[in-house]
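A.B. asks: My file is query-v4.txt. It has compact mmCIF, C-alpha atoms and all ligand atoms:
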```txt
# COMPACT_ATOMS: atom_id res chain seq x y z
CA ALA A 615 -14.24 -35.83 -17.91
CA SER A 616 -15.18 -34.37 -14.58
CA LEU A 617 -15.43 -30.65 -13.97
CA PHE A 618 -12.23 -30.54 -11.93
CA GLY A 619 -10.30 -33.23 -13.77
CA ALA A 620 -8.38 -30.88 -16.03
CA ILE A 621 -7.72 -28.13 -13.48
CA GLU A 622 -4.06 -27.40 -12.96
CA MET A 623 -2.51 -26.43 -9.68
CA ALA A 624 -2.27 -22.63 -9.47
CA PRO A 625 1.19 -21.22 -8.79
CA ARG A 626 1.94 -20.58 -5.13
CA ASP A 627 1.87 -17.02 -3.90
CA PRO A 628 5.57 -16.19 -3.81
CA ILE A 629 5.41 -14.14 -0.61
CA LEU A 630 3.11 -16.47 1.33
CA GLY A 631 5.41 -19.30 0.21
CA ILE A 632 8.25 -17.64 2.08
CA THR A 633 6.23 -17.58 5.28
CA GLU A 634 5.33 -21.25 4.84
CA ALA A 635 9.01 -22.13 4.50
CA TYR A 636 9.84 -19.92 7.48
CA ASN A 637 7.17 -21.58 9.64
CA ALA A 638 8.56 -25.01 8.77
CA ASP A 639 12.15 -23.97 9.70
CA LYS A 640 13.21 -25.50 13.05
CA ASN A 641 16.06 -23.05 13.70
CA PRO A 642 15.06 -21.10 16.86
CA ASN A 643 16.97 -18.05 15.60
CA LYS A 644 15.11 -17.80 12.31
CA THR A 645 14.04 -14.38 11.01
CA ASN A 646 11.32 -13.59 8.47
CA LEU A 647 12.07 -10.44 6.49
CA GLY A 648 9.82 -11.61 3.65
CA VAL A 649 6.59 -10.37 5.21
CA GLY A 650 4.56 -7.25 4.46
CA VAL A 651 3.56 -6.55 8.03
CA TYR A 652 4.79 -4.12 10.69
CA TYR A 653 6.23 -5.78 13.78
CA ASP A 654 7.16 -3.89 16.93
CA ASP A 655 10.55 -4.16 18.62
CA ASN A 656 9.39 -7.37 20.35
CA GLY A 657 8.67 -8.95 17.00
CA LYS A 658 4.90 -8.74 17.55
CA VAL A 659 2.14 -7.30 15.37
CA PRO A 660 0.90 -4.44 17.57
CA LEU A 661 -2.68 -3.94 18.71
CA LEU A 662 -2.83 -0.15 18.83
CA GLU A 663 -4.06 1.51 22.04
CA CYS A 664 -6.37 3.76 20.02
CA VAL A 665 -7.97 0.64 18.53
CA LYS A 666 -8.39 -0.97 21.95
CA LYS A 667 -10.07 2.16 23.28
CA ALA A 668 -12.37 2.52 20.29
CA GLU A 669 -13.34 -1.15 20.58
CA ALA A 670 -14.08 -0.70 24.30
CA GLN A 671 -16.40 2.21 23.41
CA LEU A 672 -18.12 0.16 20.72
CA MET A 673 -18.54 -2.76 23.11
CA GLU A 674 -20.39 -0.51 25.55
CA LYS A 675 -22.92 0.47 22.91
CA LEU A 676 -23.42 -3.05 21.57
CA ALA A 677 -25.24 -1.88 18.46
CA PRO A 678 -27.24 -4.36 16.38
CA ARG A 679 -25.46 -5.57 13.22
CA THR A 680 -27.71 -4.26 10.51
CA TYR A 681 -26.43 -3.99 6.93
CA LEU A 682 -24.31 -0.94 6.25
CA PRO A 683 -25.17 1.23 3.26
CA ILE A 684 -23.69 -0.18 0.02
CA GLU A 685 -20.95 2.47 0.04
CA GLY A 686 -20.23 1.86 3.72
CA LEU A 687 -20.49 3.75 6.96
CA ALA A 688 -21.07 7.45 6.26
CA ALA A 689 -18.82 8.55 9.14
CA TYR A 690 -16.06 6.28 7.83
CA ASP A 691 -16.27 7.54 4.25
CA LYS A 692 -16.19 11.13 5.50
CA ALA A 693 -13.15 10.45 7.68
CA VAL A 694 -11.38 8.75 4.77
CA GLN A 695 -11.96 11.74 2.51
CA GLU A 696 -10.60 14.15 5.08
CA LEU A 697 -7.57 11.98 5.63
CA VAL A 698 -6.63 11.41 2.00
CA PHE A 699 -7.68 14.73 0.46
CA GLY A 700 -7.19 16.97 3.54
CA ALA A 701 -10.07 18.35 5.64
CA ASP A 702 -10.06 21.66 3.76
CA SER A 703 -10.02 20.08 0.31
CA ALA A 704 -11.98 21.74 -2.48
CA VAL A 705 -13.05 18.35 -3.87
CA ILE A 706 -14.80 17.63 -0.57
CA ALA A 707 -16.40 21.09 -0.31
CA GLU A 708 -17.62 20.87 -3.91
CA LYS A 709 -18.83 17.28 -3.40
CA ARG A 710 -16.67 16.16 -6.30
CA ALA A 711 -15.16 13.27 -4.34
CA VAL A 712 -17.09 10.09 -3.65
CA THR A 713 -15.90 7.29 -1.39
CA ALA A 714 -16.89 3.70 -0.85
CA GLN A 715 -15.66 1.67 2.10
CA ALA A 716 -13.83 -1.38 0.75
CA ILE A 717 -12.51 -4.76 1.85
CA GLY A 718 -8.99 -3.51 2.52
CA GLY A 719 -6.79 -1.78 -0.02
CA THR A 720 -7.07 -4.86 -2.23
CA GLY A 721 -10.85 -4.58 -2.28
CA ALA A 722 -10.56 -0.88 -3.13
CA LEU A 723 -8.32 -1.67 -6.09
CA LYS A 724 -10.74 -4.35 -7.23
CA LEU A 725 -13.71 -1.96 -7.03
CA GLY A 726 -11.77 0.58 -9.06
CA ALA A 727 -10.72 -2.02 -11.62
CA ASP A 728 -14.28 -3.34 -12.06
CA PHE A 729 -15.67 0.19 -12.28
CA LEU A 730 -13.11 1.16 -14.92
CA LYS A 731 -13.78 -2.00 -16.90
CA ARG A 732 -17.43 -1.00 -17.17
CA PHE A 733 -16.79 2.55 -18.29
CA SER A 734 -13.40 2.46 -19.98
CA PRO A 735 -13.19 -1.12 -21.25
CA ASN A 736 -10.58 -0.55 -23.94
CA SER A 737 -8.06 1.36 -21.86
CA GLU A 738 -4.81 -0.31 -20.93
CA VAL A 739 -3.42 -0.27 -17.42
CA TRP A 740 0.15 0.70 -16.58
CA ILE A 741 1.88 -0.32 -13.37
CA SER A 742 5.42 0.36 -12.18
CA ASP A 743 8.22 -2.09 -12.89
CA PRO A 744 8.28 -3.63 -10.35
CA SER A 745 5.06 -3.18 -8.38
CA TRP A 746 3.11 -4.88 -5.61
CA GLU A 747 2.67 -8.31 -7.18
CA ASN A 748 -1.12 -8.25 -6.88
CA HIS A 749 -1.57 -5.11 -9.02
CA ARG A 750 -1.09 -6.94 -12.29
CA ALA A 751 -3.22 -9.92 -11.29
CA LEU A 752 -6.05 -7.71 -10.04
CA PHE A 753 -6.34 -5.62 -13.17
CA GLU A 754 -5.86 -8.61 -15.46
CA SER A 755 -8.61 -10.50 -13.69
CA ALA A 756 -10.85 -7.46 -14.20
CA GLY A 757 -10.16 -7.90 -17.93
CA PHE A 758 -7.46 -5.31 -18.63
CA LYS A 759 -4.23 -5.56 -20.53
CA VAL A 760 -1.57 -4.58 -18.00
CA ASN A 761 1.78 -3.03 -19.01
CA ASN A 762 4.80 -1.94 -17.01
CA TYR A 763 6.36 1.51 -17.05
CA PRO A 764 10.04 1.77 -16.05
CA TYR A 765 10.44 2.58 -12.37
CA TYR A 766 13.25 1.01 -10.38
CA ASP A 767 16.83 1.69 -11.41
CA ALA A 768 19.08 -1.05 -10.05
CA ALA A 769 22.20 0.97 -10.78
CA THR A 770 21.26 3.90 -8.56
CA ARG A 771 18.90 1.92 -6.30
CA GLY A 772 16.49 4.76 -6.98
CA VAL A 773 13.88 5.68 -9.57
CA ASN A 774 14.57 5.66 -13.30
CA PHE A 775 12.63 8.87 -13.59
CA ALA A 776 13.63 9.71 -17.14
CA GLY A 777 12.42 6.28 -18.26
CA MET A 778 9.17 6.63 -16.35
CA LEU A 779 8.41 10.07 -17.76
CA GLU A 780 9.25 8.94 -21.29
CA ALA A 781 6.82 6.02 -20.95
CA LEU A 782 4.06 8.31 -19.65
CA LYS A 783 4.54 10.47 -22.74
CA THR A 784 3.85 7.52 -25.05
CA MET A 785 0.65 6.29 -23.37
CA ALA A 786 -2.64 6.62 -25.20
CA ALA A 787 -5.19 9.08 -23.84
CA GLY A 788 -7.43 7.37 -21.31
CA SER A 789 -4.73 4.93 -20.20
CA ILE A 790 -4.95 4.06 -16.52
CA VAL A 791 -1.74 4.77 -14.64
CA LEU A 792 -1.33 3.07 -11.29
CA LEU A 793 0.98 5.04 -8.99
CA HIS A 794 2.11 4.39 -5.42
CA ALA A 795 1.25 7.57 -3.53
CA CYS A 796 4.02 6.93 -0.99
CA CYS A 797 6.30 4.19 0.34
CA HIS A 798 6.61 2.26 -2.92
CA ASN A 799 6.15 -1.48 -2.52
CA PRO A 800 8.44 -3.34 -3.15
CA THR A 801 11.35 -0.94 -3.71
CA GLY A 802 10.95 1.78 -1.05
CA ALA A 803 12.00 4.30 -3.73
CA ASP A 804 9.60 7.26 -4.02
CA LEU A 805 9.41 10.22 -6.37
CA THR A 806 10.53 13.66 -5.21
CA GLU A 807 8.09 16.54 -5.05
CA ASP A 808 9.51 17.99 -8.24
CA GLN A 809 9.20 14.65 -10.01
CA TRP A 810 5.55 14.40 -8.95
CA THR A 811 5.00 17.86 -10.45
CA GLN A 812 6.25 16.59 -13.79
CA VAL A 813 4.20 13.38 -13.58
CA ILE A 814 1.02 15.34 -12.79
CA GLU A 815 1.74 17.65 -15.71
CA VAL A 816 2.16 14.84 -18.23
CA ILE A 817 -0.84 12.91 -16.93
CA THR A 818 -3.03 15.99 -17.13
CA GLN A 819 -1.78 17.05 -20.56
CA ARG A 820 -2.19 13.62 -22.09
CA GLY A 821 -5.56 12.84 -20.55
CA LEU A 822 -4.32 9.80 -18.66
CA VAL A 823 -6.32 8.46 -15.70
CA PRO A 824 -4.29 8.41 -12.47
CA PHE A 825 -5.03 5.67 -9.95
CA LEU A 826 -3.17 6.34 -6.70
CA ASP A 827 -2.66 3.40 -4.39
CA MET A 828 -1.96 4.57 -0.84
CA ALA A 829 -1.44 1.57 1.44
CA TYR A 830 1.12 3.21 3.74
CA GLN A 831 -0.09 6.73 4.54
CA GLY A 832 1.89 7.90 7.56
CA PHE A 833 4.82 5.54 7.10
CA GLY A 834 6.82 7.88 4.86
CA ASP A 835 7.08 11.39 6.26
CA GLY A 836 3.80 11.66 8.16
CA ILE A 837 0.07 11.55 7.51
CA ASP A 838 -0.21 14.96 5.83
CA ALA A 839 3.15 14.85 4.10
CA ASP A 840 2.33 11.47 2.55
CA GLY A 841 -1.18 12.57 1.61
CA LYS A 842 0.14 15.62 -0.16
CA VAL A 843 0.58 13.73 -3.43
CA VAL A 844 -3.12 12.85 -3.44
CA ARG A 845 -4.02 16.47 -2.76
CA ARG A 846 -1.87 17.67 -5.61
CA PHE A 847 -3.54 15.26 -8.03
CA ALA A 848 -6.97 16.32 -6.73
CA ASP A 849 -6.05 19.97 -7.29
CA ALA A 850 -5.18 19.12 -10.89
CA GLY A 851 -8.87 18.14 -11.38
CA GLY A 852 -10.35 14.74 -12.11
CA PRO A 853 -10.70 12.06 -13.02
CA LEU A 854 -8.75 10.53 -10.15
CA PHE A 855 -8.95 7.18 -8.38
CA VAL A 856 -7.51 6.71 -4.88
CA SER A 857 -7.39 3.38 -3.07
CA ASN A 858 -6.31 3.54 0.54
CA SER A 859 -5.82 0.97 3.26
CA PHE A 860 -5.73 1.04 7.05
CA SER A 861 -4.24 -2.44 7.29
CA LYS A 862 -0.79 -1.06 8.14
CA SER A 863 -1.53 2.36 9.62
CA PHE A 864 -4.03 0.94 12.15
CA SER A 865 -2.45 -2.50 12.33
CA LEU A 866 -5.88 -3.88 11.40
CA TYR A 867 -4.79 -6.32 8.69
CA GLY A 868 -7.47 -8.95 9.24
CA GLU A 869 -10.34 -6.49 9.66
CA ARG A 870 -9.99 -5.55 5.96
CA VAL A 871 -10.47 -1.80 6.14
CA GLY A 872 -9.85 0.32 3.07
CA ALA A 873 -11.68 2.61 0.70
CA LEU A 874 -11.92 3.70 -2.89
CA SER A 875 -12.35 7.41 -3.59
CA ILE A 876 -13.07 8.85 -7.01
CA VAL A 877 -12.78 12.53 -7.95
CA ALA A 878 -15.11 13.78 -10.69
CA ALA A 879 -15.45 17.11 -12.48
CA SER A 880 -18.63 18.27 -10.70
CA GLY A 881 -20.92 17.30 -7.87
CA GLU A 882 -23.53 16.16 -10.36
CA GLU A 883 -21.02 13.93 -12.17
CA ALA A 884 -19.78 12.57 -8.85
CA ALA A 885 -23.33 11.56 -7.88
CA ARG A 886 -23.65 9.53 -11.09
CA VAL A 887 -20.24 7.97 -10.48
CA LEU A 888 -21.20 6.96 -6.93
CA SER A 889 -24.44 5.41 -8.12
CA GLN A 890 -22.48 3.20 -10.53
CA LEU A 891 -19.77 2.43 -7.98
CA LYS A 892 -22.52 1.17 -5.68
CA ARG A 893 -23.62 -1.25 -8.39
CA VAL A 894 -20.07 -2.64 -8.52
CA VAL A 895 -20.16 -3.18 -4.75
CA ARG A 896 -23.66 -4.62 -4.84
CA THR A 897 -22.78 -7.27 -7.42
CA ASN A 898 -19.54 -8.22 -5.65
CA TYR A 899 -20.38 -8.46 -1.94
CA SER A 900 -23.46 -6.28 -1.46
CA ASN A 901 -22.09 -4.09 1.36
CA PRO A 902 -19.00 -3.95 3.56
CA PRO A 903 -18.52 -5.39 7.07
CA THR A 904 -19.19 -3.22 10.11
CA HIS A 905 -16.47 -3.67 12.68
CA GLY A 906 -13.24 -2.40 11.14
CA GLY A 907 -14.87 0.64 9.58
CA GLN A 908 -16.49 1.52 12.89
CA VAL A 909 -13.19 1.26 14.74
CA VAL A 910 -11.39 3.50 12.26
CA ALA A 911 -14.27 6.01 12.07
CA THR A 912 -14.42 6.18 15.88
CA VAL A 913 -10.70 6.80 16.21
CA LEU A 914 -10.57 9.41 13.47
CA ALA A 915 -13.63 11.31 14.74
CA THR A 916 -12.69 11.32 18.45
CA PRO A 917 -10.03 13.99 19.07
CA GLU A 918 -8.39 12.15 21.95
CA LEU A 919 -8.21 8.85 20.05
CA ARG A 920 -7.13 10.57 16.88
CA LYS A 921 -4.21 12.16 18.73
CA LEU A 922 -3.29 8.78 20.18
CA TRP A 923 -3.40 7.18 16.71
CA GLU A 924 -1.14 9.86 15.28
CA GLU A 925 1.35 9.22 18.07
CA GLU A 926 1.23 5.46 17.63
CA LEU A 927 1.60 5.74 13.87
CA ALA A 928 4.51 8.15 14.33
CA ALA A 929 6.16 5.64 16.65
CA MET A 930 5.93 2.93 13.97
CA ARG A 931 7.34 5.29 11.35
CA VAL A 932 10.19 6.40 13.59
CA ARG A 933 11.09 2.84 14.58
CA ILE A 934 11.37 1.80 10.92
CA LYS A 935 13.56 4.80 10.18
CA GLU A 936 15.78 3.91 13.13
CA MET A 937 16.11 0.35 11.83
CA ARG A 938 17.13 1.72 8.43
CA LYS A 939 19.82 3.84 10.04
CA GLU A 940 21.07 1.02 12.23
CA LEU A 941 21.14 -1.41 9.32
CA VAL A 942 23.26 1.01 7.29
CA GLU A 943 25.60 1.86 10.15
CA LYS A 944 26.12 -1.73 11.19
CA LEU A 945 26.69 -2.84 7.61
CA LYS A 946 29.24 -0.08 7.23
CA ALA A 947 31.18 -1.60 10.11
CA LYS A 948 30.84 -5.24 9.00
CA ALA A 949 31.12 -4.79 5.22
CA PRO A 950 33.20 -1.65 4.78
CA GLY A 951 33.55 -1.97 1.02
CA GLN A 952 29.82 -1.75 0.43
CA ASN A 953 27.56 1.27 0.35
CA PHE A 954 24.05 0.79 1.71
CA ASP A 955 23.26 4.49 2.22
CA PHE A 956 20.34 4.18 -0.21
CA VAL A 957 18.45 2.22 2.46
CA ILE A 958 18.08 5.46 4.45
CA GLN A 959 16.57 7.28 1.45
CA GLN A 960 14.00 4.54 0.89
CA ARG A 961 10.66 4.98 2.63
CA GLY A 962 7.96 2.80 4.10
CA MET A 963 8.19 -0.77 5.26
CA PHE A 964 10.33 -2.18 2.48
CA SER A 965 13.78 -1.98 1.04
CA TYR A 966 15.05 -3.29 -2.23
CA SER A 967 18.30 -4.24 -0.55
CA GLY A 968 20.26 -4.98 -3.70
CA LEU A 969 20.80 -8.57 -2.51
CA THR A 970 20.79 -11.01 -5.41
CA LYS A 971 18.64 -14.12 -5.59
CA GLU A 972 21.71 -16.23 -4.83
CA GLN A 973 22.48 -14.13 -1.76
CA VAL A 974 18.85 -14.34 -0.61
CA HIS A 975 19.02 -18.14 -0.92
CA ARG A 976 22.24 -18.29 1.07
CA LEU A 977 20.67 -16.15 3.80
CA ARG A 978 17.83 -18.66 3.97
CA ASP A 979 19.84 -21.87 3.69
CA GLU A 980 22.78 -20.92 5.89
CA PHE A 981 21.25 -18.46 8.36
CA SER A 982 17.46 -19.09 8.38
CA ILE A 983 16.90 -15.49 7.34
CA TYR A 984 14.03 -15.24 4.89
CA ALA A 985 13.70 -12.50 2.26
CA VAL A 986 12.06 -12.22 -1.15
CA ASP A 987 14.09 -13.48 -4.13
CA THR A 988 14.07 -9.95 -5.58
CA GLY A 989 16.08 -8.80 -2.57
CA ARG A 990 13.09 -7.11 -0.94
CA ILE A 991 13.36 -7.05 2.82
CA CYS A 992 10.76 -5.81 5.28
CA VAL A 993 12.61 -3.25 7.41
CA ALA A 994 9.63 -3.27 9.78
CA ALA A 995 10.49 -6.87 10.70
CA LEU A 996 13.94 -5.85 11.98
CA ASN A 997 14.31 -5.21 15.71
CA SER A 998 16.97 -4.59 18.31
CA ARG A 999 17.29 -8.34 18.95
CA ASN A 1000 17.58 -9.65 15.39
CA ILE A 1001 19.42 -6.86 13.61
CA ASP A 1002 22.95 -7.93 14.55
CA ALA A 1003 22.40 -11.47 13.33
CA VAL A 1004 20.89 -10.15 10.10
CA VAL A 1005 23.82 -7.78 9.53
CA ASP A 1006 26.37 -10.52 10.24
CA ALA A 1007 24.65 -12.85 7.80
CA ILE A 1008 24.36 -10.20 5.07
CA ALA A 1009 28.02 -9.32 5.47
CA LYS A 1010 28.90 -13.01 4.99
CA VAL A 1011 26.90 -13.50 1.81
CA LEU A 1012 27.98 -10.26 0.12
N1 LIG B 1 -1.37 -1.84 -2.26
C1 LIG B 1 -0.12 -2.02 -1.86
C2 LIG B 1 0.97 -1.25 -2.52
C3 LIG B 1 0.16 -2.91 -0.82
O1 LIG B 1 1.42 -3.08 -0.43
C4 LIG B 1 -0.90 -3.60 -0.20
C5 LIG B 1 -0.73 -4.58 0.91
N2 LIG B 1 0.43 -4.94 1.33
C6 LIG B 1 -2.17 -3.38 -0.66
C7 LIG B 1 -2.39 -2.49 -1.69
C8 LIG B 1 -3.35 -4.12 -0.09
O2 LIG B 1 -3.72 -3.72 1.16
P1 LIG B 1 -4.73 -4.56 2.05
O3 LIG B 1 -3.90 -5.53 2.80
O4 LIG B 1 -5.39 -3.55 2.89
O5 LIG B 1 -5.67 -5.25 1.13
```
Written as structure tokens, that's how I'd like the structure from this file.
C.D. replies:
Amino acid sequence: ASLFGAIEMAPRDPILGITEAYNADKNPNKTNLGVGVYYDDNGKVPLLECVKKAEAQLMEKLAPRTYLPIEGLAAYDKAVQELVFGADSAVIAEKRAVTAQAIGGTGALKLGADFLKRFSPNSEVWISDPSWENHRALFESAGFKVNNYPYYDAATRGVNFAGMLEALKTMAAGSIVLLHACCHNPTGADLTEDQWTQVIEVITQRGLVPFLDMAYQGFGDGIDADGKVVRRFADAGGPLFVSNSFSKSFSLYGERVGALSIVAASGEEAARVLSQLKRVVRTNYSNPPTHGGQVVATVLATPELRKLWEEELAAMRVRIKEMRKELVEKLKAKAPGQNFDFVIQQRGMFSYSGLTKEQVHRLRDEFSIYAVDTGRICVAALNSRNIDAVVDAIAKVL
């Protein structure tokens, strides 16, 4: 038998499958709400002004493309730490946080998973039910057993917090708990500040290892407000893992810019951790690419560009919130018996809309509106031109 003879076809990525079906649809009024990308009101993926300006600056310098250090551009790693932990963070001052530039948020998660597999091989990983679909696959492919803790409550369209807390209280010491720092994907349902307090307490008491995934900093309540959860975990002491991504917040999806930060108990411990993290990078892809990290580092370190970025990010956040409000108001008018107010409470790019699989299929088949079978819609793909058609269609399938 040949090497490839017995290989089975791998299952299709469910979300990319939606986009394939959407692309093949000949209806000129088709709408893709299945994506995980921010579109502006013209239905375009924006190229941020701050990015354009940073790239123009970099073009002027035309630096040679040497290898970056294994852990990435120093200026980038520093900027990441200040962004996720806060510029005045004790873990930065005490050199207890180490950061490695990563190939997007996905690459950061993979670095963290591989690192943990080396040093905590028998721990189990816990992810929310549901979670970003790649979380399970990533940690399983690193060799972990992955479990779900209760999270989404379909009845309230919010968080089953009692169930989540109960599950945390049964986990073995050393278990790795993956948490969405803000803007939960796919549900849009986040914990309250008080609920985070309780989660931090249980995690600390039981000796669990928190792994915060922050792919949407700035899309919830603002850069600092969203980062506050990370800061609170850092204040509780280590160990702490934080993966972050600039794919969404800089609209730099294809540049693959993210980072993994780890908080240790002392500067000396952190130095040992970084040395081992570098080995994980070295044996995966040696060192990260230059361009995206340089763009982000330039923007974050240049006051004028930084200000521009904050404004542009705020505009994205505000537009999504406006779409949430409009969706709810328009549905109120078209489907008066139904209550969609929960959509306004949800944060980030997504909403678990409550639409059933059957309703999602009718939206696709009858109206060329594409959503995920779970009912997840990307609110950031709604705009002033498609929202009425979407609302009309939803009202018809309800
Ligand atoms: N974590 C979550 C929760 C995400 O939603 C995403 C991407 N959509 C990622 C990580 C990965 O980010 P990136 O595209 O930067 O790899």
A.B. asks: Measuring between only C-alpha atoms, which one of A:Glu708, A:Asp827, A:Asp808, A:Asp979 shows the shortest distance to A:Lys644?
C.D. replies: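 Closest residue, counting only C-alpha atoms: A:Asp979.
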A.B. asks: So that I can check the surroundings of A:Glu780, please list as a PDB file with C-alpha atoms, in the frame of the given file every protein, DNA and RNA residue that reaches within 12 Å of it, counting all atoms listed in the file and ignoring chain neighbours fewer than 4 positions away.
C.D. replies:
```pdb
ATOM      1  CA  TYR A 763       6.360   1.510 -17.050  1.00  0.00           C
ATOM      2  CA  PRO A 764      10.040   1.770 -16.050  1.00  0.00           C
ATOM      3  CA  TYR A 765      10.440   2.580 -12.370  1.00  0.00           C
ATOM      4  CA  ASN A 774      14.570   5.660 -13.300  1.00  0.00           C
ATOM      5  CA  PHE A 775      12.630   8.870 -13.590  1.00  0.00           C
ATOM      6  CA  ALA A 776      13.630   9.710 -17.140  1.00  0.00           C
ATOM      7  CA  THR A 784       3.850   7.520 -25.050  1.00  0.00           C
ATOM      8  CA  MET A 785       0.650   6.290 -23.370  1.00  0.00           C
ATOM      9  CA  GLN A 812       6.250  16.590 -13.790  1.00  0.00           C
ATOM     10  CA  VAL A 813       4.200  13.380 -13.580  1.00  0.00           C
ATOM     11  CA  VAL A 816       2.160  14.840 -18.230  1.00  0.00           C
ATOM     12  CA  ILE A 817      -0.840  12.910 -16.930  1.00  0.00           C
TER      13      ILE A 817
END
```
A.B. asks: Once you count all atoms listed in the file, which residues end up within 8 Å of ligand LIG 1 (chain B), and could you hand them over as a VMD selection string?
C.D. replies: chain A and resid 650 to 651 717 to 723 745 to 746 748 to 749 794 798 to 800 827 to 830 857 to 862 867 870 to 872
A.B. asks: In terms of the shortest atom-to-atom distance over all atoms listed in the file, which of A:Gly700, A:Gly772, A:Gly951, A:Gly788 is closest to A:Asn736?
C.D. replies: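 Distance minimum relative to A:Asn736 lands on A:Gly788.
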A.B. asks: Considering all atoms listed in the file, return as a PDB file with C-alpha atoms, in the frame of the given file whatever protein or nucleic-acid residues lie within 12 Å of A:Ala949, sequence-local ones (same chain, fewer than 5 positions apart) excluded.
C.D. replies:
```pdb
ATOM      1  CA  LEU A 941      21.140  -1.410   9.320  1.00  0.00           C
ATOM      2  CA  VAL A 942      23.260   1.010   7.290  1.00  0.00           C
ATOM      3  CA  GLU A 943      25.600   1.860  10.150  1.00  0.00           C
ATOM      4  CA  LYS A 944      26.120  -1.730  11.190  1.00  0.00           C
ATOM      5  CA  PHE A 954      24.050   0.790   1.710  1.00  0.00           C
ATOM      6  CA  VAL A1005      23.820  -7.780   9.530  1.00  0.00           C
ATOM      7  CA  ASP A1006      26.370 -10.520  10.240  1.00  0.00           C
ATOM      8  CA  ALA A1007      24.650 -12.850   7.800  1.00  0.00           C
ATOM      9  CA  ILE A1008      24.360 -10.200   5.070  1.00  0.00           C
ATOM     10  CA  ALA A1009      28.020  -9.320   5.470  1.00  0.00           C
ATOM     11  CA  LYS A1010      28.900 -13.010   4.990  1.00  0.00           C
ATOM     12  CA  VAL A1011      26.900 -13.500   1.810  1.00  0.00           C
ATOM     13  CA  LEU A1012      27.980 -10.260   0.120  1.00  0.00           C
TER      14      LEU A1012
END
```
A.B. asks: Please complete stretch 639-652 of chain A with N, CA and C atoms and give it back as a PDB file, in the frame of the given file.
C.D. replies:
```
ATOM      1  N   ASP A 639      10.724 -23.986   9.314  1.00  0.00           N
ATOM      2  CA  ASP A 639      12.150 -23.970   9.700  1.00  0.00           C
ATOM      3  C   ASP A 639      12.276 -24.188  11.214  1.00  0.00           C
ATOM      4  N   LYS A 640      13.111 -25.162  11.624  1.00  0.00           N
ATOM      5  CA  LYS A 640      13.210 -25.500  13.050  1.00  0.00           C
ATOM      6  C   LYS A 640      14.268 -24.686  13.790  1.00  0.00           C
ATOM      7  N   ASN A 641      15.034 -23.871  13.067  1.00  0.00           N
ATOM      8  CA  ASN A 641      16.060 -23.050  13.700  1.00  0.00           C
ATOM      9  C   ASN A 641      15.396 -22.015  14.636  1.00  0.00           C
ATOM     10  N   PRO A 642      15.707 -22.035  15.944  1.00  0.00           N
ATOM     11  CA  PRO A 642      15.060 -21.100  16.860  1.00  0.00           C
ATOM     12  C   PRO A 642      15.439 -19.633  16.591  1.00  0.00           C
ATOM     13  N   ASN A 643      16.538 -19.426  15.892  1.00  0.00           N
ATOM     14  CA  ASN A 643      16.970 -18.050  15.600  1.00  0.00           C
ATOM     15  C   ASN A 643      16.582 -17.593  14.203  1.00  0.00           C
ATOM     16  N   LYS A 644      15.526 -18.173  13.661  1.00  0.00           N
ATOM     17  CA  LYS A 644      15.110 -17.800  12.310  1.00  0.00           C
ATOM     18  C   LYS A 644      14.492 -16.400  12.306  1.00  0.00           C
ATOM     19  N   THR A 645      14.580 -15.737  11.158  1.00  0.00           N
ATOM     20  CA  THR A 645      14.040 -14.380  11.010  1.00  0.00           C
ATOM     21  C   THR A 645      13.306 -14.277   9.683  1.00  0.00           C
ATOM     22  N   ASN A 646      12.090 -13.745   9.707  1.00  0.00           N
ATOM     23  CA  ASN A 646      11.320 -13.590   8.470  1.00  0.00           C
ATOM     24  C   ASN A 646      11.286 -12.126   8.040  1.00  0.00           C
ATOM     25  N   LEU A 647      12.087 -11.798   7.043  1.00  0.00           N
ATOM     26  CA  LEU A 647      12.070 -10.440   6.490  1.00  0.00           C
ATOM     27  C   LEU A 647      11.283 -10.411   5.183  1.00  0.00           C
ATOM     28  N   GLY A 648      10.574 -11.504   4.902  1.00  0.00           N
ATOM     29  CA  GLY A 648       9.820 -11.610   3.650  1.00  0.00           C
ATOM     30  C   GLY A 648       8.404 -11.080   3.761  1.00  0.00           C
ATOM     31  N   VAL A 649       7.986 -10.741   4.974  1.00  0.00           N
ATOM     32  CA  VAL A 649       6.590 -10.370   5.210  1.00  0.00           C
ATOM     33  C   VAL A 649       6.281  -8.943   4.763  1.00  0.00           C
ATOM     34  N   GLY A 650       5.002  -8.610   4.749  1.00  0.00           N
ATOM     35  CA  GLY A 650       4.560  -7.250   4.460  1.00  0.00           C
ATOM     36  C   GLY A 650       3.763  -6.706   5.620  1.00  0.00           C
ATOM     37  N   VAL A 651       4.289  -6.912   6.810  1.00  0.00           N
ATOM     38  CA  VAL A 651       3.560  -6.550   8.030  1.00  0.00           C
ATOM     39  C   VAL A 651       4.514  -5.800   8.948  1.00  0.00           C
ATOM     40  N   TYR A 652       3.980  -4.830   9.710  1.00  0.00           N
ATOM     41  CA  TYR A 652       4.790  -4.120  10.690  1.00  0.00           C
ATOM     42  C   TYR A 652       4.837  -4.909  11.992  1.00  0.00           C
TER      43      TYR A 652
END
```
